[in-house]
Amino acid sequence: MDGNEGDPSSASVNKKKRPAESSGGGEDVDNNSYSPFLKQNYVRLYPDNSTNVEFKVFVESADKKDKLGNKSPIYLNHIFTTDIKGVIGIHRVNANKIAAVFKQSNNANNFITNATFLAKHQLRAYIPAAQIEKTGIIRFVPTNISNKELYNKLSSTSEIIAIRRFTKKVGQERVPLQTVSLTFLSNSLPDHVQYDLFSYRVFDYIPPLQQCFRCFKFNHSAKVCNGKQRCSCCAGEHHYKECSTPDEVRCCNCSGPHLAISKSCPIKLKKIMEKKSKITYASAAASKQLELEVNFPPLPAVNKTQNVNSNKFNNKNVNKSVQSVSNNVNKNKQKGNEPVSQDFSPKAVDLKTQLINNDDLVNVIVSTLIQLGNKSDDNPITTSFIKELLFKNLT
Ligand SMILES: [Zn+2]
Ligand SMILES: [Zn+2]
Ligand SMILES: [Zn+2]
């Protein structure tokens, strides 16, 4: 008998994980060892060695009710061309803000620090984080190490400017997890960070999907929503607190019988997957991690004859299929045969093209990614777990 059934604290363990919210300043952050730790007095400016081709600055009105994004271009052109050096374009980002684009980093930095201009027109200017910062995560960090201690101890090829510990809500409490997010002053993530001799691998951070609490669509917040107020219960055009039919549950995104915020909504699931696969593919392309993770067998010696031309992919024979591609590569080279369908060469890049063009194999990889994305338990997604799942799908 383990007597665990019905324990409310274990029932609520599967809550969404996210790093603790930033307190928005360099002060008061070390009161609690799990509060975000931010570099003191950090001001976001373009570094001298920035690899950007253009330098964007977001501009908003200091008065939140004054919507700069809706101002006339005549007014905006006037104030920017009169007073600001080096600006090569302005465009609307949303109702609240515009972006000013500079060709040179020092002009962008001078604009951000131009207190006279900003005060005169009651504006605030800042560099969007994504332009100069990149956030990654490290795993299996003992929870008895505070964020401040990590900040002081961790070393990396890129400067670390923020450290946030992931937490999980258990009942009313937030419990620290072993995953920590690190924000670097860089456009790309370093492979590793060092804690003395110990090296932590840095993974991409995939932020939670944003859902608007006004229209319940995705990837924007209610603050900038142009959509209509929808009811999260019945999908009607009213706030859920004013709902007269709260028992008739209907999702305003897919019309299914669930709340608009439900994780079982197929549209929400698709959006989550899109987000995950976008980042996964981007990082795979950048670091060639895919080859490492999937660990395809090495090129075998020339010998067997197998048919690569078969479009039908046999799941049980993925290894053979990979082999046969390379066998044909070698065969064609030796005997001077006509290439089977493409110009094969023994380079890995051609093998990769073959793999990419193999729809069945790609489908197996995609469905593995979907399963990883839909995974609802809290077990970490390790390399061996991904491999195991992939191989299970292949057989
Ligand atoms: Zn909205
Ligand atoms: Zn309603
Ligand atoms: Zn739905």
# chains A, B, ... in the order shown; residues from 1 in each chain; ligands from 1

$ residues_near_ligand --ligand "ligand 1" --cutoff "6 Å" --atoms "only C-alpha atoms and all ligand atoms" --output "list in words"
Cys212, Arg214, Cys215, Phe216, Lys217, Ala222, Cys225 and Gly227 of chain A

$ closest_atom_pairs --of "chain A" --to "ligand 3" --cutoff "8 Å" --atoms "only C-alpha atoms and all ligand atoms" --output "Markdown table"
| residue | atom | partner | partner_atom_place_in_ligand_line | distance |
| --- | --- | --- | --- | --- |
| A:Arg250 | CA | ligand 3 | 1 (Zn) | 7.6 |
| A:Cys251 | CA | ligand 3 | 1 (Zn) | 4.5 |
| A:Cys252 | CA | ligand 3 | 1 (Zn) | 6.6 |
| A:Asn253 | CA | ligand 3 | 1 (Zn) | 5.1 |
| A:Cys254 | CA | ligand 3 | 1 (Zn) | 4.1 |
| A:Ser255 | CA | ligand 3 | 1 (Zn) | 5.9 |
| A:Gly256 | CA | ligand 3 | 1 (Zn) | 5.1 |
| A:Pro257 | CA | ligand 3 | 1 (Zn) | 7.4 |
| A:His258 | CA | ligand 3 | 1 (Zn) | 6.2 |
| A:Leu259 | CA | ligand 3 | 1 (Zn) | 7.0 |
| A:Ala260 | CA | ligand 3 | 1 (Zn) | 5.6 |
| A:Ile261 | CA | ligand 3 | 1 (Zn) | 7.8 |
| A:Ser262 | CA | ligand 3 | 1 (Zn) | 7.0 |
| A:Ser264 | CA | ligand 3 | 1 (Zn) | 7.2 |
| A:Cys265 | CA | ligand 3 | 1 (Zn) | 3.8 |
| A:Pro266 | CA | ligand 3 | 1 (Zn) | 5.9 |
| A:Ile267 | CA | ligand 3 | 1 (Zn) | 5.9 |
| A:Lys268 | CA | ligand 3 | 1 (Zn) | 6.8 |

$ write_last_selection --atoms "N, CA, C and O atoms" --output "compact mmCIF listing (two decimals), in the first residue's frame"
# COMPACT_ATOMS: atom_id res chain seq x y z
N ARG A 250 -17.54 26.01 -25.44
CA ARG A 250 -17.15 25.92 -26.86
C ARG A 250 -15.93 26.80 -27.07
O ARG A 250 -15.89 27.96 -26.65
N CYS A 251 -14.92 26.22 -27.72
CA CYS A 251 -13.66 26.94 -27.93
C CYS A 251 -13.78 27.89 -29.11
O CYS A 251 -14.25 27.50 -30.19
N CYS A 252 -13.37 29.16 -28.93
CA CYS A 252 -13.53 30.13 -30.01
C CYS A 252 -12.49 29.93 -31.12
O CYS A 252 -12.60 30.54 -32.18
N ASN A 253 -11.49 29.10 -30.87
CA ASN A 253 -10.50 28.85 -31.93
C ASN A 253 -10.86 27.66 -32.81
O ASN A 253 -10.69 27.71 -34.02
N CYS A 254 -11.37 26.58 -32.18
CA CYS A 254 -11.62 25.37 -32.98
C CYS A 254 -13.07 24.90 -32.87
O CYS A 254 -13.43 23.90 -33.48
N SER A 255 -13.90 25.60 -32.07
CA SER A 255 -15.30 25.23 -31.84
C SER A 255 -15.47 23.92 -31.07
O SER A 255 -16.57 23.39 -30.98
N GLY A 256 -14.38 23.37 -30.56
CA GLY A 256 -14.45 22.11 -29.81
C GLY A 256 -15.04 22.32 -28.42
O GLY A 256 -15.13 23.45 -27.93
N PRO A 257 -15.42 21.22 -27.73
CA PRO A 257 -16.07 21.33 -26.42
C PRO A 257 -15.07 21.50 -25.27
O PRO A 257 -14.99 20.67 -24.37
N HIS A 258 -14.25 22.52 -25.33
CA HIS A 258 -13.30 22.79 -24.24
C HIS A 258 -13.11 24.30 -24.13
O HIS A 258 -13.48 25.07 -25.03
N LEU A 259 -12.51 24.75 -23.01
CA LEU A 259 -12.24 26.17 -22.82
C LEU A 259 -11.20 26.64 -23.85
O LEU A 259 -10.38 25.85 -24.30
N ALA A 260 -11.25 27.94 -24.17
CA ALA A 260 -10.31 28.47 -25.17
C ALA A 260 -8.85 28.34 -24.74
O ALA A 260 -7.95 28.36 -25.56
N ILE A 261 -8.64 28.22 -23.40
CA ILE A 261 -7.26 28.11 -22.93
C ILE A 261 -6.82 26.66 -22.73
O ILE A 261 -5.69 26.40 -22.31
N SER A 262 -7.70 25.72 -23.06
CA SER A 262 -7.40 24.31 -22.79
C SER A 262 -6.20 23.82 -23.58
O SER A 262 -6.02 24.13 -24.76
N SER A 264 -5.90 20.86 -24.43
CA SER A 264 -6.31 19.78 -25.33
C SER A 264 -6.82 20.33 -26.65
O SER A 264 -7.21 19.58 -27.54
N CYS A 265 -6.83 21.66 -26.80
CA CYS A 265 -7.28 22.27 -28.06
C CYS A 265 -6.30 21.91 -29.18
O CYS A 265 -5.10 22.18 -29.07
N PRO A 266 -6.78 21.31 -30.27
CA PRO A 266 -5.86 20.91 -31.34
C PRO A 266 -5.13 22.11 -31.97
O PRO A 266 -3.99 21.98 -32.41
N ILE A 267 -5.81 23.26 -32.01
CA ILE A 267 -5.16 24.43 -32.61
C ILE A 267 -4.02 24.91 -31.71
O ILE A 267 -2.94 25.24 -32.17
N LYS A 268 -4.29 24.89 -30.39
CA LYS A 268 -3.24 25.29 -29.45
C LYS A 268 -2.06 24.33 -29.54
O LYS A 268 -0.91 24.74 -29.57

$ closest_atom_pairs --of "chain A" --to "ligand 2" --cutoff "10 Å" --atoms "only C-alpha atoms and all ligand atoms" --output "JSON lines"
{"residue": "A:Arg230", "atom": "CA", "partner": "ligand 2", "partner_atom_place_in_ligand_line": "1 (Zn)", "distance": 7.6}
{"residue": "A:Cys231", "atom": "CA", "partner": "ligand 2", "partner_atom_place_in_ligand_line": "1 (Zn)", "distance": 4.5}
{"residue": "A:Ser232", "atom": "CA", "partner": "ligand 2", "partner_atom_place_in_ligand_line": "1 (Zn)", "distance": 6.8}
{"residue": "A:Cys233", "atom": "CA", "partner": "ligand 2", "partner_atom_place_in_ligand_line": "1 (Zn)", "distance": 5.2}
{"residue": "A:Cys234", "atom": "CA", "partner": "ligand 2", "partner_atom_place_in_ligand_line": "1 (Zn)", "distance": 4.1}
{"residue": "A:Ala235", "atom": "CA", "partner": "ligand 2", "partner_atom_place_in_ligand_line": "1 (Zn)", "distance": 5.8}
{"residue": "A:Gly236", "atom": "CA", "partner": "ligand 2", "partner_atom_place_in_ligand_line": "1 (Zn)", "distance": 4.9}
{"residue": "A:Glu237", "atom": "CA", "partner": "ligand 2", "partner_atom_place_in_ligand_line": "1 (Zn)", "distance": 7.3}
{"residue": "A:His238", "atom": "CA", "partner": "ligand 2", "partner_atom_place_in_ligand_line": "1 (Zn)", "distance": 6.2}
{"residue": "A:His239", "atom": "CA", "partner": "ligand 2", "partner_atom_place_in_ligand_line": "1 (Zn)", "distance": 6.8}
{"residue": "A:Tyr240", "atom": "CA", "partner": "ligand 2", "partner_atom_place_in_ligand_line": "1 (Zn)", "distance": 5.3}
{"residue": "A:Lys241", "atom": "CA", "partner": "ligand 2", "partner_atom_place_in_ligand_line": "1 (Zn)", "distance": 7.9}
{"residue": "A:Glu242", "atom": "CA", "partner": "ligand 2", "partner_atom_place_in_ligand_line": "1 (Zn)", "distance": 6.8}
{"residue": "A:Cys243", "atom": "CA", "partner": "ligand 2", "partner_atom_place_in_ligand_line": "1 (Zn)", "distance": 3.7}
{"residue": "A:Ser244", "atom": "CA", "partner": "ligand 2", "partner_atom_place_in_ligand_line": "1 (Zn)", "distance": 6.1}
{"residue": "A:Thr245", "atom": "CA", "partner": "ligand 2", "partner_atom_place_in_ligand_line": "1 (Zn)", "distance": 5.8}
{"residue": "A:Pro246", "atom": "CA", "partner": "ligand 2", "partner_atom_place_in_ligand_line": "1 (Zn)", "distance": 5.9}
{"residue": "A:Asp247", "atom": "CA", "partner": "ligand 2", "partner_atom_place_in_ligand_line": "1 (Zn)", "distance": 9.0}
{"residue": "A:Glu248", "atom": "CA", "partner": "ligand 2", "partner_atom_place_in_ligand_line": "1 (Zn)", "distance": 8.2}
{"residue": "A:Val249", "atom": "CA", "partner": "ligand 2", "partner_atom_place_in_ligand_line": "1 (Zn)", "distance": 8.2}
{"residue": "A:Arg250", "atom": "CA", "partner": "ligand 2", "partner_atom_place_in_ligand_line": "1 (Zn)", "distance": 8.8}

$ closest_residue --among "A:Lys56, A:Ile90, A:Asn144, A:Leu394" --to "Ile74 in chain A" --atoms "only C-alpha atoms"
A:Ile90

$ closest_residue --among "A:Ala62, A:Leu369, A:Ile79, A:Leu361" --to "Ala125 in chain A" --atoms "only C-alpha atoms"
A:Ala62

$ atom_distance --atom1 "CA of Ile365 in chain A" --atom2 "CA of Leu269 in chain A"
17.7 Å

$ closest_residue --among "A:Ile161, A:Ala95, A:Leu209, A:Ala119" --to "Met273 in chain A" --atoms "only C-alpha atoms"
A:Leu209

$ residues_around --residues "Ile88 in chain A" --least-positions-apart "4" --cutoff "10 Å" --atoms "only C-alpha atoms" --output "number ranges by chain"
A: 54-55, 80-81, 100-104

$ write_last_selection --atoms "all heavy atoms" --output "compact mmCIF listing (two decimals), in the first residue's frame"
# COMPACT_ATOMS: atom_id res chain seq x y z
N GLU A 54 21.52 45.71 -39.46
CA GLU A 54 20.88 46.98 -39.17
C GLU A 54 20.55 46.99 -37.67
O GLU A 54 20.53 45.95 -37.03
CB GLU A 54 19.63 47.19 -40.02
CG GLU A 54 18.63 46.05 -39.91
CD GLU A 54 17.35 46.34 -40.68
OE1 GLU A 54 17.42 46.96 -41.75
OE2 GLU A 54 16.29 45.93 -40.18
N PHE A 55 20.33 48.19 -37.16
CA PHE A 55 20.21 48.31 -35.71
C PHE A 55 18.86 48.93 -35.38
O PHE A 55 18.61 50.10 -35.65
CB PHE A 55 21.38 49.14 -35.17
CG PHE A 55 22.70 48.47 -35.48
CD1 PHE A 55 23.36 48.74 -36.67
CD2 PHE A 55 23.22 47.54 -34.62
CE1 PHE A 55 24.55 48.10 -36.97
CE2 PHE A 55 24.42 46.89 -34.90
CZ PHE A 55 25.08 47.17 -36.09
N PHE A 80 11.83 62.73 -36.45
CA PHE A 80 13.04 61.92 -36.60
C PHE A 80 14.05 62.57 -37.56
O PHE A 80 15.24 62.53 -37.30
CB PHE A 80 12.69 60.50 -37.05
CG PHE A 80 12.34 59.62 -35.89
CD1 PHE A 80 11.03 59.52 -35.43
CD2 PHE A 80 13.34 58.92 -35.21
CE1 PHE A 80 10.72 58.73 -34.34
CE2 PHE A 80 13.03 58.13 -34.11
CZ PHE A 80 11.72 58.04 -33.67
N THR A 81 13.56 63.15 -38.66
CA THR A 81 14.53 63.73 -39.60
C THR A 81 15.13 65.02 -39.05
O THR A 81 16.26 65.37 -39.37
CB THR A 81 13.91 63.99 -40.99
OG1 THR A 81 12.67 64.66 -40.79
CG2 THR A 81 13.67 62.71 -41.75
N ALA A 100 12.63 52.35 -35.02
CA ALA A 100 13.54 53.22 -35.77
C ALA A 100 14.74 52.36 -36.14
O ALA A 100 15.28 51.64 -35.31
CB ALA A 100 13.97 54.40 -34.91
N VAL A 101 15.12 52.41 -37.42
CA VAL A 101 16.20 51.55 -37.90
C VAL A 101 17.43 52.40 -38.22
O VAL A 101 17.32 53.43 -38.89
CB VAL A 101 15.75 50.76 -39.16
CG1 VAL A 101 16.84 49.81 -39.62
CG2 VAL A 101 14.45 50.01 -38.88
N PHE A 102 18.57 51.96 -37.74
CA PHE A 102 19.83 52.66 -37.96
C PHE A 102 20.80 51.76 -38.71
O PHE A 102 20.72 50.54 -38.61
CB PHE A 102 20.47 53.06 -36.62
CG PHE A 102 19.65 54.05 -35.84
CD1 PHE A 102 18.57 53.62 -35.05
CD2 PHE A 102 19.92 55.41 -35.90
CE1 PHE A 102 17.81 54.53 -34.34
CE2 PHE A 102 19.16 56.32 -35.20
CZ PHE A 102 18.09 55.88 -34.40
N LYS A 103 21.68 52.39 -39.46
CA LYS A 103 22.68 51.61 -40.20
C LYS A 103 23.90 51.34 -39.32
O LYS A 103 24.61 50.37 -39.51
CB LYS A 103 23.11 52.44 -41.45
CG LYS A 103 23.81 51.63 -42.51
CD LYS A 103 22.83 50.92 -43.43
CE LYS A 103 23.54 49.81 -44.19
NZ LYS A 103 22.67 48.70 -44.52
N GLN A 104 24.11 52.22 -38.35
CA GLN A 104 25.30 52.06 -37.50
C GLN A 104 24.92 51.95 -36.02
O GLN A 104 24.04 52.66 -35.54
CB GLN A 104 26.25 53.24 -37.69
CG GLN A 104 26.99 53.13 -39.01
CD GLN A 104 27.79 54.36 -39.34
OE1 GLN A 104 27.63 55.42 -38.72
NE2 GLN A 104 28.63 54.23 -40.34

$ select_by_dssp --residues "range 62-280 of chain A" --states "helix (DSSP H, G or I)" --output "PyMOL selection string"
chain A and resi 68-70+73-83+105-112+115-120+129-132+147-153+222-224+240-242+266-280

$ write_last_selection --atoms "C-alpha atoms" --output "compact mmCIF listing (two decimals), in the first residue's frame"
# COMPACT_ATOMS: atom_id res chain seq x y z
CA LEU A 68 2.79 56.09 -30.98
CA GLY A 69 2.13 53.32 -33.53
CA ASN A 70 -1.06 55.10 -34.58
CA PRO A 73 3.83 59.42 -40.57
CA ILE A 74 4.05 63.17 -41.22
CA TYR A 75 4.61 63.82 -37.52
CA LEU A 76 7.00 60.86 -37.10
CA ASN A 77 9.06 61.75 -40.18
CA HIS A 78 9.28 65.31 -38.96
CA ILE A 79 10.61 64.63 -35.47
CA PHE A 80 13.04 61.92 -36.60
CA THR A 81 14.53 63.73 -39.60
CA THR A 82 14.92 66.97 -37.67
CA ASP A 83 16.59 65.71 -34.55
CA SER A 105 25.30 50.79 -33.93
CA ASN A 106 26.69 53.99 -32.41
CA ASN A 107 23.84 56.03 -33.94
CA ALA A 108 21.31 53.61 -32.44
CA ASN A 109 23.03 53.77 -29.05
CA ASN A 110 23.23 57.57 -29.18
CA PHE A 111 19.51 57.73 -29.89
CA ILE A 112 18.67 55.52 -26.87
CA ALA A 115 17.63 62.11 -23.00
CA THR A 116 16.91 65.57 -24.41
CA PHE A 117 15.06 64.29 -27.48
CA LEU A 118 13.19 61.60 -25.54
CA ALA A 119 12.08 64.04 -22.84
CA LYS A 120 11.07 66.70 -25.38
CA ALA A 129 15.97 41.94 -26.45
CA ALA A 130 16.07 39.54 -29.40
CA GLN A 131 18.42 41.88 -31.27
CA ILE A 132 21.34 41.43 -28.86
CA ASN A 147 21.13 32.30 -8.90
CA LYS A 148 23.61 34.81 -7.55
CA GLU A 149 26.16 32.08 -6.92
CA LEU A 150 25.65 30.80 -10.46
CA TYR A 151 26.11 34.32 -11.80
CA ASN A 152 29.41 34.67 -9.95
CA LYS A 153 30.67 31.20 -10.80
CA ALA A 222 -4.18 41.46 -24.70
CA LYS A 223 -2.27 44.74 -24.34
CA VAL A 224 -1.78 44.99 -28.11
CA TYR A 240 -16.28 35.17 -19.41
CA LYS A 241 -17.46 36.84 -16.18
CA GLU A 242 -20.55 38.03 -18.04
CA PRO A 266 -5.86 20.91 -31.34
CA ILE A 267 -5.16 24.43 -32.61
CA LYS A 268 -3.24 25.29 -29.45
CA LEU A 269 -1.30 22.03 -29.71
CA LYS A 270 -0.44 22.81 -33.32
CA LYS A 271 0.82 26.27 -32.34
CA ILE A 272 2.95 24.78 -29.57
CA MET A 273 4.41 22.29 -32.02
CA GLU A 274 5.09 24.95 -34.64
CA LYS A 275 7.01 26.90 -32.07
CA LYS A 276 9.01 23.90 -30.89
CA SER A 277 9.85 22.58 -34.32
CA LYS A 278 10.84 26.02 -35.59
CA ILE A 279 13.40 26.35 -32.83
CA THR A 280 14.49 22.73 -33.09

$ select_by_dssp --residues "range 148-277 of chain A" --states "strand (DSSP E or B)" --output "ChimeraX atom specification"
/A:154-155,160-170,173-184,192-195,198-201,203-204,211,218

$ write_last_selection --atoms "N, CA, C and O atoms" --output "short mmCIF file (atom, residue, chain, number, x, y, z; two decimals), in the first residue's frame"
data_model
loop_
_atom_site.label_atom_id
_atom_site.label_comp_id
_atom_site.auth_asym_id
_atom_site.auth_seq_id
_atom_site.Cartn_x
_atom_site.Cartn_y
_atom_site.Cartn_z
N LEU A 154 29.62 30.97 -12.99
CA LEU A 154 29.60 30.46 -14.36
C LEU A 154 30.46 31.32 -15.28
O LEU A 154 30.43 32.54 -15.21
N SER A 155 31.22 30.67 -16.14
CA SER A 155 31.97 31.41 -17.14
C SER A 155 31.61 30.88 -18.52
O SER A 155 31.20 29.73 -18.68
N ILE A 160 27.17 36.60 -19.52
CA ILE A 160 25.84 36.25 -18.99
C ILE A 160 25.27 37.49 -18.31
O ILE A 160 25.94 38.12 -17.49
N ILE A 161 24.02 37.86 -18.69
CA ILE A 161 23.43 39.07 -18.10
C ILE A 161 22.21 38.78 -17.23
O ILE A 161 21.75 39.64 -16.52
N ALA A 162 21.67 37.56 -17.31
CA ALA A 162 20.53 37.24 -16.44
C ALA A 162 20.47 35.74 -16.19
O ALA A 162 20.77 34.94 -17.09
N ILE A 163 20.10 35.40 -14.97
CA ILE A 163 19.96 33.99 -14.59
C ILE A 163 18.61 33.80 -13.93
O ILE A 163 18.26 34.51 -12.99
N ARG A 164 17.83 32.87 -14.45
CA ARG A 164 16.52 32.60 -13.87
C ARG A 164 16.36 31.11 -13.63
O ARG A 164 16.61 30.32 -14.53
N ARG A 165 15.94 30.75 -12.46
CA ARG A 165 15.71 29.34 -12.12
C ARG A 165 14.27 28.99 -12.48
O ARG A 165 13.34 29.75 -12.15
N PHE A 166 14.06 27.87 -13.15
CA PHE A 166 12.70 27.42 -13.42
C PHE A 166 12.06 26.95 -12.12
O PHE A 166 12.73 26.35 -11.28
N THR A 167 10.79 27.23 -11.96
CA THR A 167 10.08 26.76 -10.79
C THR A 167 8.78 26.09 -11.22
O THR A 167 8.34 26.26 -12.36
N LYS A 168 8.21 25.36 -10.29
CA LYS A 168 6.97 24.65 -10.60
C LYS A 168 6.02 24.93 -9.46
O LYS A 168 6.43 24.98 -8.30
N LYS A 169 4.75 25.16 -9.80
CA LYS A 169 3.79 25.44 -8.75
C LYS A 169 3.28 24.13 -8.17
O LYS A 169 2.75 23.28 -8.88
N VAL A 170 3.49 23.94 -6.88
CA VAL A 170 2.95 22.77 -6.20
C VAL A 170 2.05 23.30 -5.10
O VAL A 170 2.53 23.90 -4.15
N GLU A 173 2.68 26.81 -3.46
CA GLU A 173 4.10 27.15 -3.42
C GLU A 173 4.80 26.97 -4.76
O GLU A 173 4.42 26.12 -5.55
N ARG A 174 5.85 27.77 -4.96
CA ARG A 174 6.70 27.59 -6.14
C ARG A 174 7.93 26.81 -5.72
O ARG A 174 8.65 27.21 -4.81
N VAL A 175 8.16 25.70 -6.36
CA VAL A 175 9.27 24.83 -6.00
C VAL A 175 10.35 24.93 -7.07
O VAL A 175 10.04 24.88 -8.27
N PRO A 176 11.63 25.12 -6.66
CA PRO A 176 12.69 25.26 -7.67
C PRO A 176 12.95 23.96 -8.42
O PRO A 176 12.86 22.87 -7.83
N LEU A 177 13.26 24.07 -9.70
CA LEU A 177 13.61 22.90 -10.50
C LEU A 177 15.11 22.95 -10.82
O LEU A 177 15.78 23.93 -10.52
N GLN A 178 15.59 21.87 -11.44
CA GLN A 178 17.03 21.81 -11.74
C GLN A 178 17.39 22.48 -13.06
O GLN A 178 18.54 22.41 -13.49
N THR A 179 16.40 23.09 -13.71
CA THR A 179 16.67 23.77 -14.98
C THR A 179 16.81 25.26 -14.73
O THR A 179 16.02 25.85 -14.01
N VAL A 180 17.81 25.86 -15.35
CA VAL A 180 18.09 27.27 -15.16
C VAL A 180 18.24 27.93 -16.53
O VAL A 180 18.87 27.36 -17.42
N SER A 181 17.61 29.10 -16.71
CA SER A 181 17.80 29.79 -17.98
C SER A 181 18.89 30.85 -17.83
O SER A 181 19.00 31.51 -16.80
N LEU A 182 19.71 30.96 -18.87
CA LEU A 182 20.81 31.92 -18.88
C LEU A 182 20.61 32.84 -20.08
O LEU A 182 20.39 32.37 -21.18
N THR A 183 20.66 34.15 -19.85
CA THR A 183 20.57 35.09 -20.97
C THR A 183 21.97 35.63 -21.24
O THR A 183 22.64 36.11 -20.33
N PHE A 184 22.38 35.50 -22.51
CA PHE A 184 23.72 35.92 -22.90
C PHE A 184 23.66 37.21 -23.70
O PHE A 184 22.71 37.43 -24.45
N HIS A 192 28.63 25.61 -24.43
CA HIS A 192 28.78 25.21 -23.02
C HIS A 192 29.01 26.41 -22.14
O HIS A 192 29.45 27.46 -22.60
N VAL A 193 28.71 26.24 -20.85
CA VAL A 193 29.19 27.19 -19.83
C VAL A 193 29.94 26.36 -18.79
O VAL A 193 29.66 25.18 -18.62
N GLN A 194 30.89 27.00 -18.12
CA GLN A 194 31.71 26.28 -17.15
C GLN A 194 31.35 26.68 -15.73
O GLN A 194 31.16 27.86 -15.44
N TYR A 195 31.26 25.69 -14.85
CA TYR A 195 31.17 25.93 -13.41
C TYR A 195 32.45 25.32 -12.86
O TYR A 195 32.55 24.12 -12.67
N PHE A 198 33.56 21.93 -14.23
CA PHE A 198 32.37 21.24 -14.73
C PHE A 198 31.73 22.03 -15.88
O PHE A 198 31.51 23.23 -15.78
N SER A 199 31.42 21.29 -16.94
CA SER A 199 30.89 21.94 -18.13
C SER A 199 29.41 21.61 -18.30
O SER A 199 29.03 20.43 -18.28
N TYR A 200 28.56 22.63 -18.42
CA TYR A 200 27.13 22.42 -18.69
C TYR A 200 26.86 22.68 -20.16
O TYR A 200 27.25 23.74 -20.68
N ARG A 201 26.17 21.77 -20.82
CA ARG A 201 25.78 22.03 -22.19
C ARG A 201 24.61 23.02 -22.20
O ARG A 201 23.71 22.94 -21.37
N PHE A 203 21.30 24.51 -23.95
CA PHE A 203 20.24 24.15 -24.90
C PHE A 203 19.39 25.38 -25.23
O PHE A 203 19.35 26.34 -24.46
N ASP A 204 18.68 25.32 -26.35
CA ASP A 204 17.75 26.40 -26.69
C ASP A 204 16.66 26.51 -25.65
O ASP A 204 16.16 25.49 -25.16
N GLN A 211 -0.80 33.29 -25.32
CA GLN A 211 -2.19 33.31 -25.76
C GLN A 211 -2.85 34.57 -25.22
O GLN A 211 -2.73 34.89 -24.03
N PHE A 218 -3.26 33.54 -30.68
CA PHE A 218 -1.92 33.27 -30.16
C PHE A 218 -0.87 34.29 -30.60
O PHE A 218 -1.06 35.03 -31.56
#

$ residues_around --residues "Tyr126 in chain A" --least-positions-apart "3" --cutoff "8 Å" --atoms "only C-alpha atoms" --output "list of chain:residue names"
A:Arg44, A:Val57, A:Phe58, A:Val59, A:Ile112

$ write_last_selection --atoms "N, CA and C atoms" --output "mmCIF file, in the first residue's frame"
data_model
loop_
_atom_site.group_PDB
_atom_site.id
_atom_site.type_symbol
_atom_site.label_atom_id
_atom_site.label_comp_id
_atom_site.auth_asym_id
_atom_site.auth_seq_id
_atom_site.Cartn_x
_atom_site.Cartn_y
_atom_site.Cartn_z
ATOM 1 N N ARG A 44 20.609 47.968 -22.050
ATOM 2 C CA ARG A 44 20.722 47.276 -23.332
ATOM 3 C C ARG A 44 21.224 48.236 -24.415
ATOM 4 N N VAL A 57 15.652 50.091 -33.011
ATOM 5 C CA VAL A 57 15.319 50.596 -31.677
ATOM 6 C C VAL A 57 13.801 50.738 -31.612
ATOM 7 N N PHE A 58 13.176 50.189 -30.583
ATOM 8 C CA PHE A 58 11.741 50.359 -30.401
ATOM 9 C C PHE A 58 11.481 51.667 -29.662
ATOM 10 N N VAL A 59 10.430 52.367 -30.090
ATOM 11 C CA VAL A 59 10.097 53.643 -29.452
ATOM 12 C C VAL A 59 8.617 53.631 -29.075
ATOM 13 N N ILE A 112 19.231 56.047 -28.127
ATOM 14 C CA ILE A 112 18.669 55.516 -26.873
ATOM 15 C C ILE A 112 19.071 56.384 -25.685
#

$ atom_distance --atom1 "CA of Ser158 in chain A" --atom2 "CA of Leu185 in chain A"
6.2 Å

$ closest_residue --among "A:Gly86, A:Pro142, A:Pro190, A:Gly136" --to "Tyr205 in chain A" --atoms "only C-alpha atoms"
A:Gly136

$ residues_around --residues "Gln210 in chain A" --least-positions-apart "4" --cutoff "8 Å" --atoms "only C-alpha atoms" --output "list in words"
Phe218, Asn219, His220 and Ser221 of chain A
